[in-house]
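Single-structure report; data block below.
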Amino acid sequence: MPSLKDLRLRIRSVKSTQKITSAMKMVAAAKLRRAQEQAEAARPYADRLGRMIGSLAGSFGPGEAPALLVGNDSPVHLVLFATADRGLCGAFNTSIVRETRAMIRELEAAGRQVKLLPIGRKGRDLLRKEFGDRYVDTLDFMGKKKVGFADVETAAVKVRQMFDAGEIGAATIIFARFKSAISQIVSRRQLIPATIPEAKPSNAANSAQAGPQALYEYEPDEEQILQALLPRNLSVQIYTAVLENFASEHGARMTAMDNATRNAGDMINKLTLNYNRQRQATITKELIEIISGAEAV
Amino acid sequence: MAQVTFELVSPERLLLSKPVDMVVLPGSEGLFGVLAGHAPLIATLRPGVLDVHENGSVTERIFVGGGFAEVTPDRCVVLAETATPMKDIDREAVAAKVATLSAADPAGALRPIGEDPVPSELDIARAMLAAVDGLPF
């Protein structure tokens with residue numbers, strides 16, 4: 001049975017923990033909003049790039065499309081996985097790592113080799129022991145307030161170089177898709193071969209012509225444009241995935257810290273009840289002692 | 001006069017979106033102007049200066065480090081990785097950058113700008129310097 005003093009100290013420590021977690025929740029909420037805005041702001045570029053590729057990719061027959069669109073025959077598959085740089089965000093990092101591990105197993109069962117490129121410190125550290133020898137490069141954003149396009153570009157350049165050198169034949173990024181502040185879905189996005197977005201017929205940009213798809217002129221020709229577009233698209237796909245992952249991270253942290261704050265509150269209530277009960281018990285005991293002492297006289 | 005909606009988009013955000021009279025873009029095969037009613041076109045851009053014309057005069061001059069343009073009769077969308085208004089460019093800083101990058105890559109310093117579909121950092125810096133000085137490149 002803990003003494004009254006122990007209980008008092010315990011309550012005080014839980015209270016200060018609660019203060020910290022609730023402050024962290026506020027911080028995460030503020031960061032979440034910023035990350036969401038950033039992800040939102042990056043959308044127009046990705047949308048328009050996707051649309052251009054969509055309208056271009058249709059014009060290639062099999063066998064003549066650029067390599068980034070079809071992949072090469074290298075048996076190595078590069079898996080990029082984006083995690084947070086910091087912990088205390090619930091199951092966020094572990095669920096991404098679990099998905100990564102599952103994907104590695106799947107690929108290896110299919111007879112492919114796997115290379116890894118961790119983005120974010122936590123994921124890198126969590127899988128280092130198991131798969132550290134397969135890391136080709138690592139990337140994290142420690143100490144950065146926001147992720148710029150240039151920060152992610154280094155990873156994209158690395159992927160591109162490895163692909164051009166024939167070291168990898170395909171690439172996928174694993175990240176947490178942001179659904180809402182309380183729900184993040186770990187998903188995979190195929191980078192190489194590039195996935196072609198479906199051309200949406202009723203687009204505002206295409207309103208002026210009769211057909212569902214505008215008949216574009218190309219300058220220079222389709223092939224050259226696509227050759228310039230696809231590497232750019234790769235960077236943008238990675239960038240948007242990282243941004244979304246960032247928003248998810250803060251969402252996950254917010255939820256985790258909200259839970260922690262609530263749990264701390266419950267604990268304080270329980271401890272306080274215990275404390276009061278024990279204090280009352282001591283008082284009652286003392287009273288009984290006095291009364292029985294008086295009776296004995 | 002009919003106007004064309006001009007949008008300048010960087011990977012990080014939408015930089016500019018407004019109706020203008022005409023834009024002149026540095027296409028990789030030469031400068032071209034876009035007016036309202038332009039035929040649908042997809043073009044690559046080389047590093048260079050983009051001019052926005054409104055009411056008969058150039059209202060904005062923006063340096064882009066290469067990119068893409070998608071033109072439809074009523075819209076002109078430019079996807080540029082880097083975009084800097086000409087008035088914000090610091091000539092000294094650009095010149096210094098050209099010098100350091102040229103030292104690292106002497107062959108690249110002599111290559112014509114725009115030869116490579118994906119312009120290198122050096123190409124962009126050289127184009128920027130030339131643009132500030134008003135030289136052709």
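Residue numbering restarts at 1 in every chain; chains get A, B, ... in the order shown in the structure tokens, and ligands count up from 1 in that same order.
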
(request) Please identify all polymer residues within 8 Å of Ser10 in chain B, counting only C-alpha atoms, omitting same-chain residues fewer than 4 positions from it, and present them as a ChimeraX atom specification. (result) /A:42,45 /B:14-15,79-83

Could you write those residues out with N, CA and C atoms, as a PDB file, in the first residue's frame?
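Output below, filename result_15.pdb:
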ATOM      1  N   ALA A  42       0.520  21.906 -53.065  1.00  0.00           N
ATOM      2  CA  ALA A  42       1.325  21.158 -54.030  1.00  0.00           C
ATOM      3  C   ALA A  42       0.451  20.438 -55.046  1.00  0.00           C
ATOM      4  N   TYR A  45       0.176  21.492 -59.171  1.00  0.00           N
ATOM      5  CA  TYR A  45       1.294  21.074 -60.023  1.00  0.00           C
ATOM      6  C   TYR A  45       1.176  19.596 -60.371  1.00  0.00           C
TER       7      TYR A  45
ATOM      8  N   LEU B  14       0.808  27.233 -56.126  1.00  0.00           N
ATOM      9  CA  LEU B  14       0.346  27.996 -57.271  1.00  0.00           C
ATOM     10  C   LEU B  14       0.872  29.414 -57.089  1.00  0.00           C
ATOM     11  N   LEU B  15       1.730  29.864 -58.006  1.00  0.00           N
ATOM     12  CA  LEU B  15       2.377  31.152 -57.791  1.00  0.00           C
ATOM     13  C   LEU B  15       1.542  32.308 -58.316  1.00  0.00           C
ATOM     14  N   LEU B  79       4.212  25.028 -65.842  1.00  0.00           N
ATOM     15  CA  LEU B  79       4.748  24.283 -64.708  1.00  0.00           C
ATOM     16  C   LEU B  79       6.247  24.545 -64.660  1.00  0.00           C
ATOM     17  N   ALA B  80       6.680  25.238 -63.644  1.00  0.00           N
ATOM     18  CA  ALA B  80       8.096  25.584 -63.553  1.00  0.00           C
ATOM     19  C   ALA B  80       8.633  25.139 -62.215  1.00  0.00           C
ATOM     20  N   GLU B  81       9.813  24.564 -62.240  1.00  0.00           N
ATOM     21  CA  GLU B  81      10.379  24.111 -60.981  1.00  0.00           C
ATOM     22  C   GLU B  81      10.848  25.293 -60.136  1.00  0.00           C
ATOM     23  N   THR B  82      11.476  26.253 -60.789  1.00  0.00           N
ATOM     24  CA  THR B  82      11.854  27.452 -60.057  1.00  0.00           C
ATOM     25  C   THR B  82      11.342  28.647 -60.839  1.00  0.00           C
ATOM     26  N   ALA B  83      10.870  29.634 -60.122  1.00  0.00           N
ATOM     27  CA  ALA B  83      10.408  30.863 -60.766  1.00  0.00           C
ATOM     28  C   ALA B  83      10.776  32.037 -59.876  1.00  0.00           C
TER      29      ALA B  83
END

(request) Provide as an MDAnalysis selection string the residues of chain B at most 10 Å from chain A, counting only C-alpha atoms. (result) chainID B and resid 8:15 27:30 37 39:45 67:82 116:119

(request) Give me the residues within 8 Å of Lys25 in chain A as a ChimeraX atom specification, counting only C-alpha atoms and dropping any in the same chain fewer than 3 places off. (result) /A:21-22,28-29,253-255,257-258

Got time to write the residues from that selection, N, CA and C atoms, as a CSV table (one decimal), in the first residue's frame?
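The result, written out as again-v7.csv:
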chain,number,residue,atom,x,y,z
A,21,THR,N,1.7,16.3,-22.6
A,21,THR,CA,1.0,15.7,-23.7
A,21,THR,C,-0.1,16.6,-24.3
A,22,SER,N,-0.7,17.4,-23.4
A,22,SER,CA,-1.7,18.3,-24.0
A,22,SER,C,-1.1,19.4,-24.8
A,28,ALA,N,1.0,19.6,-32.4
A,28,ALA,CA,0.7,18.8,-33.5
A,28,ALA,C,-0.5,19.3,-34.3
A,29,ALA,N,-1.5,19.8,-33.6
A,29,ALA,CA,-2.6,20.4,-34.4
A,29,ALA,C,-2.2,21.5,-35.2
A,253,ARG,N,0.0,12.0,-34.5
A,253,ARG,CA,0.6,12.5,-33.2
A,253,ARG,C,-0.5,13.2,-32.4
A,254,MET,N,-1.3,13.9,-33.1
A,254,MET,CA,-2.4,14.7,-32.5
A,254,MET,C,-3.3,13.7,-31.7
A,255,THR,N,-3.7,12.6,-32.5
A,255,THR,CA,-4.6,11.6,-31.9
A,255,THR,C,-3.9,10.9,-30.7
A,257,MET,N,-1.6,12.0,-28.8
A,257,MET,CA,-1.4,12.8,-27.6
A,257,MET,C,-2.7,13.2,-27.0
A,258,ASP,N,-3.8,13.2,-27.8
A,258,ASP,CA,-5.1,13.4,-27.2
A,258,ASP,C,-5.5,12.2,-26.3

Using only C-alpha atoms, find each residue in range 41-79 of chain A having at least one atom no more than 12 Å away from range 104-112 of chain A; report its shortest atom-to-atom pair and that distance in Å (one decimal), rows by chain then rising number, as a Markdown table.
| residue | atom | partner | partner_atom | distance |
| --- | --- | --- | --- | --- |
| A:Asp73 | CA | A:Arg112 | CA | 10.9 |
| A:Ser74 | CA | A:Arg112 | CA | 9.1 |
| A:Pro75 | CA | A:Arg112 | CA | 5.3 |
| A:Val76 | CA | A:Arg112 | CA | 5.9 |
| A:His77 | CA | A:Arg112 | CA | 6.8 |
| A:Leu78 | CA | A:Ile104 | CA | 9.7 |
| A:Val79 | CA | A:Ile104 | CA | 8.1 |

Please produce an output containing N, CA and C atoms for each residue in the selection, written as a PDB file, in the first residue's frame.
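Writing the result to selection-v6.pdb gives the following:
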ATOM      1  N   ASP A  73      14.322  -4.551 -67.292  1.00  0.00           N
ATOM      2  CA  ASP A  73      14.221  -5.933 -66.833  1.00  0.00           C
ATOM      3  C   ASP A  73      15.149  -6.262 -65.668  1.00  0.00           C
ATOM      4  N   SER A  74      15.646  -5.239 -64.974  1.00  0.00           N
ATOM      5  CA  SER A  74      16.462  -5.499 -63.795  1.00  0.00           C
ATOM      6  C   SER A  74      15.593  -6.151 -62.716  1.00  0.00           C
ATOM      7  N   PRO A  75      16.134  -7.176 -62.027  1.00  0.00           N
ATOM      8  CA  PRO A  75      15.319  -7.873 -61.018  1.00  0.00           C
ATOM      9  C   PRO A  75      15.228  -7.129 -59.684  1.00  0.00           C
ATOM     10  N   VAL A  76      15.849  -5.958 -59.608  1.00  0.00           N
ATOM     11  CA  VAL A  76      15.890  -5.267 -58.327  1.00  0.00           C
ATOM     12  C   VAL A  76      14.735  -4.277 -58.220  1.00  0.00           C
ATOM     13  N   HIS A  77      14.062  -4.336 -57.093  1.00  0.00           N
ATOM     14  CA  HIS A  77      12.943  -3.435 -56.844  1.00  0.00           C
ATOM     15  C   HIS A  77      13.344  -2.495 -55.701  1.00  0.00           C
ATOM     16  N   LEU A  78      13.241  -1.217 -55.943  1.00  0.00           N
ATOM     17  CA  LEU A  78      13.592  -0.252 -54.902  1.00  0.00           C
ATOM     18  C   LEU A  78      12.328   0.145 -54.145  1.00  0.00           C
ATOM     19  N   VAL A  79      12.396   0.012 -52.828  1.00  0.00           N
ATOM     20  CA  VAL A  79      11.254   0.411 -52.011  1.00  0.00           C
ATOM     21  C   VAL A  79      11.645   1.625 -51.188  1.00  0.00           C
TER      22      VAL A  79
END

(message) I want to know what sits within 8 Å of Ile268 in chain A, based on only C-alpha atoms, with residues of the same chain fewer than 5 positions away left out; could you give that as a PyMOL selection string?
(response) chain A and resi 11+14-15

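Using only C-alpha atoms, the residues found no farther than 8 Å from Ser102 in chain B, other than those of its own chain fewer than 6 positions away, are Gly108, Ala109 and Leu122 of chain B.
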
Write to file, as a tab-separated table (two decimals), in the first residue's frame, the residues of the selection just made, with C-alpha atoms.
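File written: again-v8.tsv
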chain	number	residue	atom	x	y	z
B	108	GLY	CA	29.28	22.13	-68.74
B	109	ALA	CA	30.15	25.81	-68.76
B	122	LEU	CA	24.72	25.37	-63.97

(request) Excluding range 131-142 of chain A and any residue of its chain fewer than 6 positions from it, enumerate the residues within 6 Å of it, using only C-alpha atoms, and give them as JSON, numbers by chain. (result) {"A": [115, 116, 117, 118, 119, 120, 121]}

(request) Enter the distance from CA of Met26 in chain A to CA of Ala181 in chain A, in Å, rounded to one decimal. (result)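 Computed distance, CA of Met26 in chain A to CA of Ala181 in chain A, equals 13.0 Å.
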
(request) From a DSSP pass on the backbone, collect the residues of chain B flagged as strand (DSSP E) and hand them back as a count of residues only. (result) 63

(message) Considering only alpha helix (DSSP H) as DSSP defines it on the backbone, what residues of chain B qualify? List them as a PyMOL selection string.
(response) chain B and resi 91-104+121-133

Just write the chosen residues, N, CA and C atoms, as a PDB file, in the first residue's frame.
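Saved the output as result.pdb:
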ATOM      1  N   ARG B  91      22.284  39.904 -58.955  1.00  0.00           N
ATOM      2  CA  ARG B  91      23.265  39.586 -59.975  1.00  0.00           C
ATOM      3  C   ARG B  91      24.565  39.023 -59.387  1.00  0.00           C
ATOM      4  N   GLU B  92      25.013  39.627 -58.300  1.00  0.00           N
ATOM      5  CA  GLU B  92      26.274  39.187 -57.672  1.00  0.00           C
ATOM      6  C   GLU B  92      26.193  37.714 -57.275  1.00  0.00           C
ATOM      7  N   ALA B  93      25.068  37.363 -56.611  1.00  0.00           N
ATOM      8  CA  ALA B  93      24.914  35.996 -56.118  1.00  0.00           C
ATOM      9  C   ALA B  93      24.895  35.006 -57.273  1.00  0.00           C
ATOM     10  N   VAL B  94      24.201  35.390 -58.365  1.00  0.00           N
ATOM     11  CA  VAL B  94      24.113  34.495 -59.515  1.00  0.00           C
ATOM     12  C   VAL B  94      25.484  34.332 -60.163  1.00  0.00           C
ATOM     13  N   ALA B  95      26.196  35.463 -60.296  1.00  0.00           N
ATOM     14  CA  ALA B  95      27.526  35.408 -60.907  1.00  0.00           C
ATOM     15  C   ALA B  95      28.450  34.509 -60.090  1.00  0.00           C
ATOM     16  N   ALA B  96      28.357  34.619 -58.775  1.00  0.00           N
ATOM     17  CA  ALA B  96      29.189  33.794 -57.907  1.00  0.00           C
ATOM     18  C   ALA B  96      28.843  32.319 -58.082  1.00  0.00           C
ATOM     19  N   LYS B  97      27.554  32.049 -58.227  1.00  0.00           N
ATOM     20  CA  LYS B  97      27.101  30.663 -58.376  1.00  0.00           C
ATOM     21  C   LYS B  97      27.612  30.081 -59.700  1.00  0.00           C
ATOM     22  N   VAL B  98      27.510  30.901 -60.744  1.00  0.00           N
ATOM     23  CA  VAL B  98      28.007  30.453 -62.052  1.00  0.00           C
ATOM     24  C   VAL B  98      29.493  30.128 -61.946  1.00  0.00           C
ATOM     25  N   ALA B  99      30.227  31.008 -61.259  1.00  0.00           N
ATOM     26  CA  ALA B  99      31.676  30.810 -61.147  1.00  0.00           C
ATOM     27  C   ALA B  99      31.999  29.511 -60.428  1.00  0.00           C
ATOM     28  N   THR B 100      31.335  29.234 -59.286  1.00  0.00           N
ATOM     29  CA  THR B 100      31.656  28.022 -58.539  1.00  0.00           C
ATOM     30  C   THR B 100      31.240  26.778 -59.301  1.00  0.00           C
ATOM     31  N   LEU B 101      30.048  26.842 -59.944  1.00  0.00           N
ATOM     32  CA  LEU B 101      29.577  25.660 -60.658  1.00  0.00           C
ATOM     33  C   LEU B 101      30.418  25.394 -61.905  1.00  0.00           C
ATOM     34  N   SER B 102      30.857  26.477 -62.562  1.00  0.00           N
ATOM     35  CA  SER B 102      31.696  26.299 -63.755  1.00  0.00           C
ATOM     36  C   SER B 102      33.026  25.677 -63.386  1.00  0.00           C
ATOM     37  N   ALA B 103      33.553  26.083 -62.224  1.00  0.00           N
ATOM     38  CA  ALA B 103      34.827  25.533 -61.788  1.00  0.00           C
ATOM     39  C   ALA B 103      34.701  24.031 -61.570  1.00  0.00           C
ATOM     40  N   ALA B 104      33.529  23.613 -61.059  1.00  0.00           N
ATOM     41  CA  ALA B 104      33.331  22.189 -60.796  1.00  0.00           C
ATOM     42  C   ALA B 104      33.087  21.410 -62.083  1.00  0.00           C
ATOM     43  N   GLU B 121      21.852  22.592 -62.904  1.00  0.00           N
ATOM     44  CA  GLU B 121      21.868  23.788 -62.059  1.00  0.00           C
ATOM     45  C   GLU B 121      22.726  24.884 -62.707  1.00  0.00           C
ATOM     46  N   LEU B 122      23.809  24.417 -63.322  1.00  0.00           N
ATOM     47  CA  LEU B 122      24.715  25.367 -63.970  1.00  0.00           C
ATOM     48  C   LEU B 122      24.028  26.063 -65.138  1.00  0.00           C
ATOM     49  N   ASP B 123      23.315  25.271 -65.949  1.00  0.00           N
ATOM     50  CA  ASP B 123      22.593  25.851 -67.076  1.00  0.00           C
ATOM     51  C   ASP B 123      21.625  26.926 -66.595  1.00  0.00           C
ATOM     52  N   ILE B 124      20.914  26.603 -65.529  1.00  0.00           N
ATOM     53  CA  ILE B 124      19.920  27.545 -65.016  1.00  0.00           C
ATOM     54  C   ILE B 124      20.603  28.818 -64.533  1.00  0.00           C
ATOM     55  N   ALA B 125      21.704  28.643 -63.796  1.00  0.00           N
ATOM     56  CA  ALA B 125      22.409  29.816 -63.280  1.00  0.00           C
ATOM     57  C   ALA B 125      22.962  30.667 -64.424  1.00  0.00           C
ATOM     58  N   ARG B 126      23.500  30.001 -65.461  1.00  0.00           N
ATOM     59  CA  ARG B 126      24.047  30.762 -66.595  1.00  0.00           C
ATOM     60  C   ARG B 126      22.945  31.519 -67.329  1.00  0.00           C
ATOM     61  N   ALA B 127      21.816  30.816 -67.500  1.00  0.00           N
ATOM     62  CA  ALA B 127      20.694  31.469 -68.180  1.00  0.00           C
ATOM     63  C   ALA B 127      20.205  32.668 -67.373  1.00  0.00           C
ATOM     64  N   MET B 128      20.219  32.503 -66.058  1.00  0.00           N
ATOM     65  CA  MET B 128      19.757  33.576 -65.195  1.00  0.00           C
ATOM     66  C   MET B 128      20.663  34.793 -65.314  1.00  0.00           C
ATOM     67  N   LEU B 129      21.959  34.506 -65.325  1.00  0.00           N
ATOM     68  CA  LEU B 129      22.938  35.586 -65.443  1.00  0.00           C
ATOM     69  C   LEU B 129      22.756  36.332 -66.776  1.00  0.00           C
ATOM     70  N   ALA B 130      22.601  35.543 -67.832  1.00  0.00           N
ATOM     71  CA  ALA B 130      22.437  36.154 -69.141  1.00  0.00           C
ATOM     72  C   ALA B 130      21.157  36.982 -69.184  1.00  0.00           C
ATOM     73  N   ALA B 131      20.124  36.478 -68.538  1.00  0.00           N
ATOM     74  CA  ALA B 131      18.847  37.183 -68.542  1.00  0.00           C
ATOM     75  C   ALA B 131      18.973  38.518 -67.813  1.00  0.00           C
ATOM     76  N   VAL B 132      19.695  38.490 -66.686  1.00  0.00           N
ATOM     77  CA  VAL B 132      19.871  39.744 -65.925  1.00  0.00           C
ATOM     78  C   VAL B 132      20.636  40.767 -66.748  1.00  0.00           C
ATOM     79  N   ASP B 133      21.668  40.283 -67.459  1.00  0.00           N
ATOM     80  CA  ASP B 133      22.479  41.187 -68.265  1.00  0.00           C
ATOM     81  C   ASP B 133      21.807  41.565 -69.580  1.00  0.00           C
TER      82      ASP B 133
END

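Relative to CA of Arg46 in chain B, CA of Glu64 in chain A is found at 25.3 Å.
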
(message) Neighbouring residues of Gly48 in chain B were defined as those with any atom within 6 Å, considering only C-alpha atoms; residues of the same chain fewer than 2 positions away were excluded. Please report them as a PyMOL selection string.
(response) chain B and resi 26+63-64

Residue selection dump (N, CA and C atoms) as an mmCIF file, in the first residue's frame:
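Full text of out_9.cif as output:
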data_model
loop_
_atom_site.group_PDB
_atom_site.id
_atom_site.type_symbol
_atom_site.label_atom_id
_atom_site.label_comp_id
_atom_site.auth_asym_id
_atom_site.auth_seq_id
_atom_site.Cartn_x
_atom_site.Cartn_y
_atom_site.Cartn_z
ATOM 1 N N PRO B 26 9.522 31.189 -72.973
ATOM 2 C CA PRO B 26 10.785 30.739 -73.572
ATOM 3 C C PRO B 26 10.728 29.261 -73.940
ATOM 4 N N PHE B 63 11.716 34.913 -64.260
ATOM 5 C CA PHE B 63 12.690 33.933 -64.750
ATOM 6 C C PHE B 63 12.240 32.538 -64.336
ATOM 7 N N VAL B 64 12.169 31.617 -65.299
ATOM 8 C CA VAL B 64 11.839 30.232 -64.957
ATOM 9 C C VAL B 64 13.021 29.334 -65.320
#
